[in-house]
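Participant: Right, I'll just put the structure down here and ask away after.
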Amino acid sequence: MSFVDYLQALPTERLKLAQYSARSADVERALLSCEGSLSGLMALLSPAAEPYLESMAQRAAQLTRQRFGATIGMYLPLYLSNLCANECDYCGFSMGNKLKRKRLNHEELRQEIAIIKRRGFDSLLLVSGEHETKVGIDYFVSMLPEVKRHFSFVAMEVQPLSEDGYRCLVSHGLDAVMLYQETYNPQVYRQHHTRGNKQDFAYRLASAERIARAGVDKIGLGVLFGLDDWRFDALLMGHHLHYLEHQHWRSRYSISLPRLRPCTGGVQPKVALSDKGLVQIICAFRLFNPQLEISLSTREPAALRDHLYRLGITHISAGSSTEPGGYAHPQTQLDQFEIADNRSVEQVVDALKAQGLTPVWKDWEAGWINQSP
């Protein structure tokens with residue numbers, strides 16, 4: 001059974017009713033033992049868990065330090081292009097938005113790489129709009145080797161590809177793929193994706209399985225909180241994670257928790273996710289999966305990010321740009337969304353160290369594998 005089949009067979013209305021009917025006893029039981037339990041995750045994401053947020057936070061912080069130590073992995077996004085053939089009403093890159101379009105060439109890519117390396121980063125996330133012809137597999141194959149020469153860990157956040165496409169990119173150095181479903185509600189998904197290949201809900205949903213079969217080391221899941229009921233979307237993401245870890249256990253997994261941010265032509269949240277709700281999601285997933293990597297981007301404001309690091313976050317970006325060529329030649333009209341944490345890399349690092357946390361710039365090197373003592 002694929003996850004598409006799994007989701008279609010899931011009694012979602014009954015499950016949502018159960019989530020909103022959870023009681024204190026369900027939350028207390030989940031606090032005692034939640035690891036790997038979807039019913040426990042449901043309780044911890046429910047309204048009934050709100051009075052237990054402090055207990056959840058303490059337990060989440062403890063589990064995070066046990067598994068990851070006092071470390072935070074550092075990464076940076078590098079936007080290759082804002083060309084896009086989709087209409088998505090929450091994204092600044094949406095095809096109908098009137099903005100200057102750009103695709104980096106090799107010289108522009110090298111300029112971006114030089115700046116990022118000077119800032120100390122060794123983990124990179126390549127991002128682009130979804131345009132199969134102009135920013136497709138041939139373009140990625142031409143750019144990836146140049147990137148891989150300079151960075152030990154390279155992830156991509158681009159349009160869904162075929163299994164062969166992912167396998168080809170792995171052969172050129174790809175380490176991870178981040179591919180977010182946006183929402184697990186197919187009806188709401190259709191409302192926000194009105195044109196282009198991204199309209200295909202099932203193809204996108206099945207992408208993580210293609211990525212895993214292609215041998216990608218790490219797979220990132222996520223939803224865009226605000227498009228639908230955040231509690232239920234988070235629970236269904238938990239089901240997706242649970243399915244993948246059992247069916248495709250050779251890959252590692254991470255989640256990202258982006259909230260809707262202002263952008264050109266953007267929509268307002270249907271169900272806004274408060275700061276308190278974001279804390280609840282982070283803590284619930286840490287109790288559900290102590291080894292899970294959880295990323296926090298510069299979408300969130302500085303003060304909030306500083307308070308979230310210890311609760312379950314394992315990876316953060318800093319000093320980010322969300323436009324192609326944005327490190328060498330900033331032009332805010334090309335942004336995908338507004339950044340909320342505009343601090344420099346040095347300021348973010350200082351904030352981490354003030355909490356006794358250690359920023360980790362490099363934790364992977366291919367040459368470390370199979371070496372004699």
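Numbering starts fresh at 1 for the residues of each chain in the structure tokens, the chains themselves are lettered A, B, ... in the order given, and ligands are numbered from 1 as they appear.
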I want to know what sits within 12 Å of A:His172, based on only C-alpha atoms, with residues of the same chain fewer than 3 positions away left out; could you give that as an MDAnalysis selection string?

Facilitator: chainID A and resid 137:138 140:149 154:155 165:169 175 216

Participant: Given only C-alpha atoms, how would the per-residue table for stretch 173-280 of chain A near stretch 50-53 of chain A read, listing every residue at most 9 Å away with its closest atom pair and distance in Å to one decimal, sorted by chain and number, as a Markdown table?

Facilitator:
```
| residue | atom | partner | partner_atom | distance |
| --- | --- | --- | --- | --- |
| A:Lys276 | CA | A:Glu50 | CA | 8.6 |
| A:Gly277 | CA | A:Glu50 | CA | 8.5 |
| A:Val279 | CA | A:Leu53 | CA | 8.0 |
| A:Gln280 | CA | A:Leu53 | CA | 6.6 |
```

Participant: How would the residues just picked look written out with C-alpha atoms as a short mmCIF file (atom, residue, chain, number, x, y, z; two decimals), in the first residue's frame?

Facilitator:
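Result file again-v2.cif:
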```cif
data_model
loop_
_atom_site.label_atom_id
_atom_site.label_comp_id
_atom_site.auth_asym_id
_atom_site.auth_seq_id
_atom_site.Cartn_x
_atom_site.Cartn_y
_atom_site.Cartn_z
CA LYS A 276 1.94 28.86 21.39
CA GLY A 277 0.63 26.46 18.75
CA VAL A 279 5.61 25.37 20.43
CA GLN A 280 2.99 22.65 20.85
#
```

Participant: Report the residues of stretch 171-325 of chain A whose backbone DSSP state falls under helix (DSSP H, G or I), written as a PyMOL selection string.

Facilitator: chain A and resi 171+186-192+197-199+201-205+207-213+230-247+275-288+302-311

Participant: Residues at most 12 Å from stretch 47-49 of chain A, counting only C-alpha atoms, excluding those fewer than 2 positions away in the same chain, as a PDB file with N, CA and C atoms, in the first residue's frame?

Facilitator:
```
ATOM      1  N   LYS A  16     -10.327  13.255  13.001  1.00  0.00           N
ATOM      2  CA  LYS A  16     -10.348  14.656  13.429  1.00  0.00           C
ATOM      3  C   LYS A  16     -11.263  14.842  14.633  1.00  0.00           C
ATOM      4  N   LEU A  17     -12.399  14.163  14.625  1.00  0.00           N
ATOM      5  CA  LEU A  17     -13.307  14.227  15.770  1.00  0.00           C
ATOM      6  C   LEU A  17     -12.621  13.689  17.023  1.00  0.00           C
ATOM      7  N   ALA A  18     -11.877  12.601  16.863  1.00  0.00           N
ATOM      8  CA  ALA A  18     -11.168  12.022  18.002  1.00  0.00           C
ATOM      9  C   ALA A  18     -10.106  12.984  18.528  1.00  0.00           C
ATOM     10  N   GLN A  19      -9.432  13.691  17.623  1.00  0.00           N
ATOM     11  CA  GLN A  19      -8.407  14.643  18.053  1.00  0.00           C
ATOM     12  C   GLN A  19      -9.016  15.764  18.884  1.00  0.00           C
ATOM     13  N   TYR A  20     -10.146  16.277  18.451  1.00  0.00           N
ATOM     14  CA  TYR A  20     -10.775  17.386  19.160  1.00  0.00           C
ATOM     15  C   TYR A  20     -11.583  16.919  20.367  1.00  0.00           C
ATOM     16  N   SER A  21     -11.728  15.605  20.509  1.00  0.00           N
ATOM     17  CA  SER A  21     -12.423  15.048  21.672  1.00  0.00           C
ATOM     18  C   SER A  21     -11.452  14.510  22.721  1.00  0.00           C
ATOM     19  N   ALA A  22     -10.152  14.644  22.477  1.00  0.00           N
ATOM     20  CA  ALA A  22      -9.154  14.134  23.419  1.00  0.00           C
ATOM     21  C   ALA A  22      -9.328  14.784  24.784  1.00  0.00           C
ATOM     22  N   ARG A  23      -9.036  14.008  25.822  1.00  0.00           N
ATOM     23  CA  ARG A  23      -9.203  14.475  27.201  1.00  0.00           C
ATOM     24  C   ARG A  23      -7.850  14.536  27.906  1.00  0.00           C
ATOM     25  N   SER A  24      -7.873  15.083  29.106  1.00  0.00           N
ATOM     26  CA  SER A  24      -6.651  15.216  29.892  1.00  0.00           C
ATOM     27  C   SER A  24      -5.967  13.872  30.111  1.00  0.00           C
ATOM     28  N   ALA A  25      -6.784  12.822  30.353  1.00  0.00           N
ATOM     29  CA  ALA A  25      -6.217  11.494  30.589  1.00  0.00           C
ATOM     30  C   ALA A  25      -5.429  11.008  29.373  1.00  0.00           C
ATOM     31  N   ASP A  26      -5.897  11.358  28.156  1.00  0.00           N
ATOM     32  CA  ASP A  26      -5.187  10.961  26.935  1.00  0.00           C
ATOM     33  C   ASP A  26      -3.839  11.670  26.844  1.00  0.00           C
ATOM     34  N   VAL A  27      -3.823  12.947  27.213  1.00  0.00           N
ATOM     35  CA  VAL A  27      -2.587  13.720  27.172  1.00  0.00           C
ATOM     36  C   VAL A  27      -1.603  13.199  28.213  1.00  0.00           C
ATOM     37  N   GLU A  28      -2.084  12.935  29.407  1.00  0.00           N
ATOM     38  CA  GLU A  28      -1.212  12.439  30.470  1.00  0.00           C
ATOM     39  C   GLU A  28      -0.615  11.080  30.106  1.00  0.00           C
ATOM     40  N   ARG A  29      -1.400  10.244  29.456  1.00  0.00           N
ATOM     41  CA  ARG A  29      -0.895   8.950  29.007  1.00  0.00           C
ATOM     42  C   ARG A  29       0.181   9.148  27.941  1.00  0.00           C
ATOM     43  N   ALA A  30      -0.042  10.097  27.039  1.00  0.00           N
ATOM     44  CA  ALA A  30       0.950  10.365  25.989  1.00  0.00           C
ATOM     45  C   ALA A  30       2.235  10.937  26.572  1.00  0.00           C
ATOM     46  N   LEU A  31       2.138  11.730  27.628  1.00  0.00           N
ATOM     47  CA  LEU A  31       3.333  12.285  28.255  1.00  0.00           C
ATOM     48  C   LEU A  31       4.194  11.195  28.881  1.00  0.00           C
ATOM     49  N   GLY A  40      -0.822   8.811  20.618  1.00  0.00           N
ATOM     50  CA  GLY A  40      -0.178   9.745  21.522  1.00  0.00           C
ATOM     51  C   GLY A  40       0.094  11.081  20.860  1.00  0.00           C
ATOM     52  N   LEU A  41       0.572  11.052  19.616  1.00  0.00           N
ATOM     53  CA  LEU A  41       0.792  12.295  18.876  1.00  0.00           C
ATOM     54  C   LEU A  41      -0.514  13.063  18.721  1.00  0.00           C
ATOM     55  N   MET A  42      -1.583  12.357  18.418  1.00  0.00           N
ATOM     56  CA  MET A  42      -2.891  12.999  18.270  1.00  0.00           C
ATOM     57  C   MET A  42      -3.276  13.729  19.548  1.00  0.00           C
ATOM     58  N   ALA A  43      -3.062  13.092  20.703  1.00  0.00           N
ATOM     59  CA  ALA A  43      -3.412  13.722  21.971  1.00  0.00           C
ATOM     60  C   ALA A  43      -2.559  14.955  22.236  1.00  0.00           C
ATOM     61  N   LEU A  44      -1.264  14.857  21.952  1.00  0.00           N
ATOM     62  CA  LEU A  44      -0.360  15.975  22.221  1.00  0.00           C
ATOM     63  C   LEU A  44      -0.584  17.152  21.286  1.00  0.00           C
ATOM     64  N   LEU A  45      -1.201  16.920  20.139  1.00  0.00           N
ATOM     65  CA  LEU A  45      -1.534  18.003  19.206  1.00  0.00           C
ATOM     66  C   LEU A  45      -2.942  18.551  19.434  1.00  0.00           C
ATOM     67  N   PRO A  51      -2.989  22.902  28.325  1.00  0.00           N
ATOM     68  CA  PRO A  51      -2.590  23.136  29.726  1.00  0.00           C
ATOM     69  C   PRO A  51      -1.319  22.390  30.132  1.00  0.00           C
ATOM     70  N   TYR A  52      -0.864  21.457  29.315  1.00  0.00           N
ATOM     71  CA  TYR A  52       0.305  20.651  29.629  1.00  0.00           C
ATOM     72  C   TYR A  52       1.549  21.114  28.860  1.00  0.00           C
ATOM     73  N   LEU A  53       1.472  22.293  28.277  1.00  0.00           N
ATOM     74  CA  LEU A  53       2.540  22.742  27.387  1.00  0.00           C
ATOM     75  C   LEU A  53       3.882  22.847  28.105  1.00  0.00           C
ATOM     76  N   GLU A  54       3.883  23.286  29.347  1.00  0.00           N
ATOM     77  CA  GLU A  54       5.134  23.405  30.092  1.00  0.00           C
ATOM     78  C   GLU A  54       5.761  22.038  30.315  1.00  0.00           C
ATOM     79  N   SER A  55       4.954  21.057  30.671  1.00  0.00           N
ATOM     80  CA  SER A  55       5.464  19.697  30.859  1.00  0.00           C
ATOM     81  C   SER A  55       5.991  19.128  29.551  1.00  0.00           C
ATOM     82  N   MET A  56       5.273  19.389  28.461  1.00  0.00           N
ATOM     83  CA  MET A  56       5.715  18.936  27.152  1.00  0.00           C
ATOM     84  C   MET A  56       7.048  19.570  26.783  1.00  0.00           C
ATOM     85  N   ALA A  57       7.193  20.870  27.066  1.00  0.00           N
ATOM     86  CA  ALA A  57       8.413  21.590  26.708  1.00  0.00           C
ATOM     87  C   ALA A  57       9.614  21.057  27.491  1.00  0.00           C
ATOM     88  N   TRP A 230      -4.342  23.533  11.405  1.00  0.00           N
ATOM     89  CA  TRP A 230      -2.950  23.154  11.659  1.00  0.00           C
ATOM     90  C   TRP A 230      -2.829  21.913  12.525  1.00  0.00           C
ATOM     91  N   ARG A 231      -3.753  21.716  13.447  1.00  0.00           N
ATOM     92  CA  ARG A 231      -3.659  20.531  14.312  1.00  0.00           C
ATOM     93  C   ARG A 231      -3.797  19.249  13.483  1.00  0.00           C
ATOM     94  N   PHE A 232      -4.750  19.244  12.575  1.00  0.00           N
ATOM     95  CA  PHE A 232      -4.986  18.028  11.811  1.00  0.00           C
ATOM     96  C   PHE A 232      -3.940  17.844  10.718  1.00  0.00           C
ATOM     97  N   LYS A 276       2.203  29.937  20.436  1.00  0.00           N
ATOM     98  CA  LYS A 276       1.937  28.859  21.387  1.00  0.00           C
ATOM     99  C   LYS A 276       1.660  27.555  20.647  1.00  0.00           C
ATOM    100  N   GLY A 277       0.913  27.648  19.547  1.00  0.00           N
ATOM    101  CA  GLY A 277       0.632  26.456  18.750  1.00  0.00           C
ATOM    102  C   GLY A 277       1.884  25.885  18.116  1.00  0.00           C
ATOM    103  N   VAL A 279       4.914  26.059  19.348  1.00  0.00           N
ATOM    104  CA  VAL A 279       5.608  25.366  20.435  1.00  0.00           C
ATOM    105  C   VAL A 279       4.987  23.988  20.660  1.00  0.00           C
ATOM    106  N   GLN A 280       3.663  23.922  20.624  1.00  0.00           N
ATOM    107  CA  GLN A 280       2.987  22.647  20.848  1.00  0.00           C
ATOM    108  C   GLN A 280       3.360  21.623  19.783  1.00  0.00           C
ATOM    109  N   ILE A 281       3.430  22.048  18.526  1.00  0.00           N
ATOM    110  CA  ILE A 281       3.802  21.130  17.443  1.00  0.00           C
ATOM    111  C   ILE A 281       5.236  20.619  17.630  1.00  0.00           C
ATOM    112  N   CYS A 283       7.065  20.392  20.339  1.00  0.00           N
ATOM    113  CA  CYS A 283       7.178  19.487  21.488  1.00  0.00           C
ATOM    114  C   CYS A 283       6.491  18.159  21.220  1.00  0.00           C
ATOM    115  N   ALA A 284       5.334  18.186  20.562  1.00  0.00           N
ATOM    116  CA  ALA A 284       4.604  16.952  20.270  1.00  0.00           C
ATOM    117  C   ALA A 284       5.428  16.029  19.380  1.00  0.00           C
TER     118      ALA A 284
END
```

Participant: Can you list, as a list in words, all residues belonging to stretch 111-168 of chain A that DSSP tags as strand (DSSP E or B)?

Facilitator: Ser123, Leu124, Leu125, Leu126, Val127, Ser128, His131, Val135, Phe153, Val154, Ala155, Met156 and Glu157 of chain A

Participant: Need to verify the contact set: A:Asp122, 9 Å, only C-alpha atoms, exclusion of same-chain residues closer than 5 positions in sequence. Can you return it as a PDB file with N, CA and C atoms, in the first residue's frame?

Facilitator:
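Ended up saving to result_27.pdb:
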```
ATOM      1  N   MET A  74      23.810  24.147  11.244  1.00  0.00           N
ATOM      2  CA  MET A  74      23.636  25.388  10.481  1.00  0.00           C
ATOM      3  C   MET A  74      23.562  25.084   8.984  1.00  0.00           C
ATOM      4  N   TYR A  75      22.576  25.663   8.310  1.00  0.00           N
ATOM      5  CA  TYR A  75      22.470  25.517   6.861  1.00  0.00           C
ATOM      6  C   TYR A  75      22.024  26.846   6.268  1.00  0.00           C
ATOM      7  N   LEU A  76      22.134  26.948   4.958  1.00  0.00           N
ATOM      8  CA  LEU A  76      21.700  28.167   4.278  1.00  0.00           C
ATOM      9  C   LEU A  76      21.024  27.803   2.960  1.00  0.00           C
ATOM     10  N   ILE A 116      28.643  32.554   0.510  1.00  0.00           N
ATOM     11  CA  ILE A 116      28.145  31.608   1.518  1.00  0.00           C
ATOM     12  C   ILE A 116      29.294  30.905   2.229  1.00  0.00           C
ATOM     13  N   LYS A 117      30.315  30.527   1.476  1.00  0.00           N
ATOM     14  CA  LYS A 117      31.465  29.865   2.104  1.00  0.00           C
ATOM     15  C   LYS A 117      32.195  30.815   3.052  1.00  0.00           C
ATOM     16  N   HIS A 150      32.034  22.353  -3.236  1.00  0.00           N
ATOM     17  CA  HIS A 150      32.292  23.312  -2.164  1.00  0.00           C
ATOM     18  C   HIS A 150      31.577  22.991  -0.855  1.00  0.00           C
ATOM     19  N   PHE A 151      30.601  22.088  -0.887  1.00  0.00           N
ATOM     20  CA  PHE A 151      29.807  21.822   0.311  1.00  0.00           C
ATOM     21  C   PHE A 151      29.737  20.320   0.571  1.00  0.00           C
ATOM     22  N   SER A 152      29.874  19.951   1.846  1.00  0.00           N
ATOM     23  CA  SER A 152      29.845  18.537   2.214  1.00  0.00           C
ATOM     24  C   SER A 152      28.440  17.959   2.172  1.00  0.00           C
ATOM     25  N   PHE A 153      27.431  18.791   2.432  1.00  0.00           N
ATOM     26  CA  PHE A 153      26.050  18.312   2.468  1.00  0.00           C
ATOM     27  C   PHE A 153      25.186  19.227   1.619  1.00  0.00           C
ATOM     28  N   VAL A 154      24.533  18.653   0.598  1.00  0.00           N
ATOM     29  CA  VAL A 154      23.709  19.436  -0.320  1.00  0.00           C
ATOM     30  C   VAL A 154      22.307  18.842  -0.374  1.00  0.00           C
ATOM     31  N   TRP A 361      28.779  23.508  11.844  1.00  0.00           N
ATOM     32  CA  TRP A 361      28.842  23.899  10.441  1.00  0.00           C
ATOM     33  C   TRP A 361      29.046  22.701   9.525  1.00  0.00           C
ATOM     34  N   LYS A 362      29.665  21.659  10.069  1.00  0.00           N
ATOM     35  CA  LYS A 362      29.955  20.491   9.245  1.00  0.00           C
ATOM     36  C   LYS A 362      29.879  19.237  10.108  1.00  0.00           C
ATOM     37  N   ASP A 363      29.002  18.311   9.733  1.00  0.00           N
ATOM     38  CA  ASP A 363      28.928  17.049  10.470  1.00  0.00           C
ATOM     39  C   ASP A 363      28.952  15.852   9.527  1.00  0.00           C
TER      40      ASP A 363
END
```

Participant: With a cut-off of 12 Å, could you pull out the residues of stretch 177-241 of chain A touching stretch 292-309 of chain A and give me the nearest pair of atoms for each, distance in Å to one decimal, using only C-alpha atoms, ordered by chain and ascending number, as a Markdown table?

Facilitator:
```
| residue | atom | partner | partner_atom | distance |
| --- | --- | --- | --- | --- |
| A:Met178 | CA | A:Ser295 | CA | 10.9 |
| A:Lys218 | CA | A:Glu293 | CA | 9.9 |
| A:Ile219 | CA | A:Glu293 | CA | 10.2 |
| A:Gly220 | CA | A:Glu293 | CA | 8.9 |
| A:Leu221 | CA | A:Ile294 | CA | 9.8 |
| A:Gly222 | CA | A:Ser295 | CA | 9.9 |
| A:Leu224 | CA | A:Arg299 | CA | 11.5 |
| A:Phe225 | CA | A:Arg299 | CA | 12.0 |
| A:Gly238 | CA | A:Leu292 | CA | 11.1 |
| A:Leu241 | CA | A:Leu292 | CA | 9.6 |
```

Participant: Could you jot down the atom CA of A:Cys88 to atom CA of A:Ser162 separation for me, Å, one decimal place?

Facilitator: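 Between atom CA of A:Cys88 and atom CA of A:Ser162 the gap works out to 21.7 Å.
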
Participant: If you take only C-alpha atoms and a cut-off of 12 Å, which residues of stretch 85-148 of chain A touch stretch 338-359 of chain A, and what are their nearest atom pairs and distances in Å to one decimal, in chain and number order, as CSV?

Facilitator:
```
residue,atom,partner,partner_atom,distance
A:Tyr90,CA,A:Glu338,CA,11.9
A:Cys91,CA,A:Glu338,CA,10.4
A:Gly92,CA,A:Glu338,CA,9.2
A:Ile116,CA,A:Val345,CA,10.4
A:Arg118,CA,A:Val345,CA,10.9
A:Arg119,CA,A:Val345,CA,7.3
A:Gly120,CA,A:Val345,CA,9.0
A:Phe121,CA,A:Val345,CA,9.8
A:Asp122,CA,A:Pro359,CA,11.9
```

Participant: Using N, CA, C and O atoms, can you write the selected residues to a file as a PDB file, in the first residue's frame?

Facilitator:
```pdb
ATOM      1  N   TYR A  90      -0.242  31.341  -2.333  1.00  0.00           N
ATOM      2  CA  TYR A  90       0.472  31.683  -1.106  1.00  0.00           C
ATOM      3  C   TYR A  90       1.954  31.977  -1.357  1.00  0.00           C
ATOM      4  O   TYR A  90       2.696  32.224  -0.417  1.00  0.00           O
ATOM      5  N   CYS A  91       2.397  31.928  -2.619  1.00  0.00           N
ATOM      6  CA  CYS A  91       3.827  31.985  -2.927  1.00  0.00           C
ATOM      7  C   CYS A  91       4.154  33.165  -3.832  1.00  0.00           C
ATOM      8  O   CYS A  91       3.468  33.406  -4.833  1.00  0.00           O
ATOM      9  N   GLY A  92       5.228  33.874  -3.490  1.00  0.00           N
ATOM     10  CA  GLY A  92       5.641  35.014  -4.302  1.00  0.00           C
ATOM     11  C   GLY A  92       6.137  34.634  -5.680  1.00  0.00           C
ATOM     12  O   GLY A  92       6.161  35.465  -6.590  1.00  0.00           O
ATOM     13  N   ILE A 116      28.643  32.554   0.510  1.00  0.00           N
ATOM     14  CA  ILE A 116      28.145  31.608   1.518  1.00  0.00           C
ATOM     15  C   ILE A 116      29.294  30.905   2.229  1.00  0.00           C
ATOM     16  O   ILE A 116      29.272  30.717   3.448  1.00  0.00           O
ATOM     17  N   ARG A 118      32.279  32.088   2.704  1.00  0.00           N
ATOM     18  CA  ARG A 118      32.935  33.045   3.601  1.00  0.00           C
ATOM     19  C   ARG A 118      32.177  33.188   4.919  1.00  0.00           C
ATOM     20  O   ARG A 118      32.762  33.527   5.944  1.00  0.00           O
ATOM     21  N   ARG A 119      30.899  32.907   4.887  1.00  0.00           N
ATOM     22  CA  ARG A 119      30.097  32.987   6.109  1.00  0.00           C
ATOM     23  C   ARG A 119      30.222  31.721   6.958  1.00  0.00           C
ATOM     24  O   ARG A 119      29.658  31.660   8.052  1.00  0.00           O
ATOM     25  N   GLY A 120      30.897  30.714   6.453  1.00  0.00           N
ATOM     26  CA  GLY A 120      31.186  29.537   7.256  1.00  0.00           C
ATOM     27  C   GLY A 120      30.321  28.326   7.001  1.00  0.00           C
ATOM     28  O   GLY A 120      30.550  27.265   7.598  1.00  0.00           O
ATOM     29  N   PHE A 121      29.341  28.410   6.129  1.00  0.00           N
ATOM     30  CA  PHE A 121      28.405  27.310   5.933  1.00  0.00           C
ATOM     31  C   PHE A 121      29.025  26.180   5.110  1.00  0.00           C
ATOM     32  O   PHE A 121      29.781  26.409   4.173  1.00  0.00           O
ATOM     33  N   ASP A 122      28.665  24.933   5.491  1.00  0.00           N
ATOM     34  CA  ASP A 122      29.085  23.764   4.724  1.00  0.00           C
ATOM     35  C   ASP A 122      27.891  22.877   4.377  1.00  0.00           C
ATOM     36  O   ASP A 122      28.050  21.828   3.773  1.00  0.00           O
TER      37      ASP A 122
END
```

Participant: Using only C-alpha atoms, can you tell me which of A:Val177, A:Leu109, A:Met95, A:Val170 comes closest to A:Ala214?

Facilitator: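 Of the candidates, the smallest distance to A:Ala214 is held by A:Val170.
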
Participant: Please, what distance in Å, to one decimal, runs between atom CA of A:Leu278 and atom CA of A:Leu257?

Facilitator: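 Between atom CA of A:Leu278 and atom CA of A:Leu257 the gap is 7.9 Å.
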
Participant: Looking at only C-alpha atoms, which of A:Ser94, A:Gln62, A:Gln187, A:Ser256 is the one that sits closest to A:Glu157?

Facilitator: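 The shortest atom-to-atom distance to A:Glu157 comes from A:Ser256.
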
Participant: Tell me which protein, DNA and RNA residues are within 6 Å of stretch 99-102 of chain A, counting only C-alpha atoms, leaving out same-chain ones fewer than 6 positions away, and put them as a PyMOL selection string.

Facilitator: chain A and resi 81-83

Participant: Can you pull out the residues contacting A:Glu130? Cut-off 12 Å, using only C-alpha atoms, and skip same-chain residues under 4 positions away; I want them as JSON, numbers by chain.

Facilitator: {"A": [79, 80, 81, 82, 83, 84, 85, 86, 87, 88, 91, 93, 94, 95, 103, 134, 135, 136, 137, 157, 158, 159, 160, 161, 179, 195, 196, 197, 198, 199]}

Participant: With C-alpha atoms kept, could you save the residues just selected as a PDB file, in the first residue's frame?

Facilitator:
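again_19.pdb, written as the output of this step:
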```pdb
ATOM      1  CA  TYR A  79      17.912  30.078  -4.589  1.00  0.00           C
ATOM      2  CA  LEU A  80      18.706  28.985  -8.121  1.00  0.00           C
ATOM      3  CA  SER A  81      15.648  30.455  -9.827  1.00  0.00           C
ATOM      4  CA  ASN A  82      12.244  32.046  -9.284  1.00  0.00           C
ATOM      5  CA  LEU A  83      10.866  30.786 -12.594  1.00  0.00           C
ATOM      6  CA  CYS A  84       7.649  28.874 -11.932  1.00  0.00           C
ATOM      7  CA  ALA A  85       4.935  27.276 -14.054  1.00  0.00           C
ATOM      8  CA  ASN A  86       2.446  26.901 -11.188  1.00  0.00           C
ATOM      9  CA  GLU A  87      -0.247  29.140  -9.749  1.00  0.00           C
ATOM     10  CA  CYS A  88      -0.110  28.882  -5.958  1.00  0.00           C
ATOM     11  CA  CYS A  91       3.827  31.985  -2.927  1.00  0.00           C
ATOM     12  CA  PHE A  93       7.025  32.925  -7.181  1.00  0.00           C
ATOM     13  CA  SER A  94       3.518  32.072  -8.465  1.00  0.00           C
ATOM     14  CA  MET A  95       3.351  32.308 -12.259  1.00  0.00           C
ATOM     15  CA  ARG A 103      17.749  31.732 -13.336  1.00  0.00           C
ATOM     16  CA  LYS A 134      13.805  25.849 -17.824  1.00  0.00           C
ATOM     17  CA  VAL A 135      14.657  24.647 -14.323  1.00  0.00           C
ATOM     18  CA  GLY A 136      14.470  20.875 -14.683  1.00  0.00           C
ATOM     19  CA  ILE A 137      16.703  17.858 -14.335  1.00  0.00           C
ATOM     20  CA  GLU A 157      13.879  21.832  -2.495  1.00  0.00           C
ATOM     21  CA  VAL A 158      12.528  21.787  -6.049  1.00  0.00           C
ATOM     22  CA  GLN A 159       9.601  20.301  -7.995  1.00  0.00           C
ATOM     23  CA  PRO A 160       8.819  16.579  -7.624  1.00  0.00           C
ATOM     24  CA  LEU A 161      10.964  14.436  -9.920  1.00  0.00           C
ATOM     25  CA  LEU A 179       9.487  18.318  -0.449  1.00  0.00           C
ATOM     26  CA  ARG A 195      -2.600  25.844 -12.471  1.00  0.00           C
ATOM     27  CA  GLY A 196       0.455  23.778 -13.354  1.00  0.00           C
ATOM     28  CA  ASN A 197       1.840  20.375 -12.451  1.00  0.00           C
ATOM     29  CA  LYS A 198       1.596  21.114  -8.742  1.00  0.00           C
ATOM     30  CA  GLN A 199      -2.158  20.612  -9.049  1.00  0.00           C
TER      31      GLN A 199
END
```

Participant: Give me the residues within 10 Å of A:Tyr189 as a ChimeraX atom specification, counting only C-alpha atoms and dropping any in the same chain fewer than 3 places off.

Facilitator: /A:88,181-186,192-194,198-201,227-228

Participant: Which distance in Å separates atom CA of A:Leu244 and atom CA of A:Ala206, to one decimal?

Facilitator: 10.7 Å

Participant: Of the residues A:Met1, A:Ala234, A:Ala61, A:Leu124, which is the one nearest to A:Pro77, using only C-alpha atoms?

Facilitator: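 Checking each of A:Met1, A:Ala234, A:Ala61, A:Leu124 against A:Pro77, counting only C-alpha atoms, the winner is A:Leu124.
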
Participant: Restricting the calculation to only C-alpha atoms, which member of A:Ala272, A:Val4, A:Leu63, A:Ala212 is positioned closest to A:Arg250?

Facilitator: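 Closest candidate: A:Ala212.
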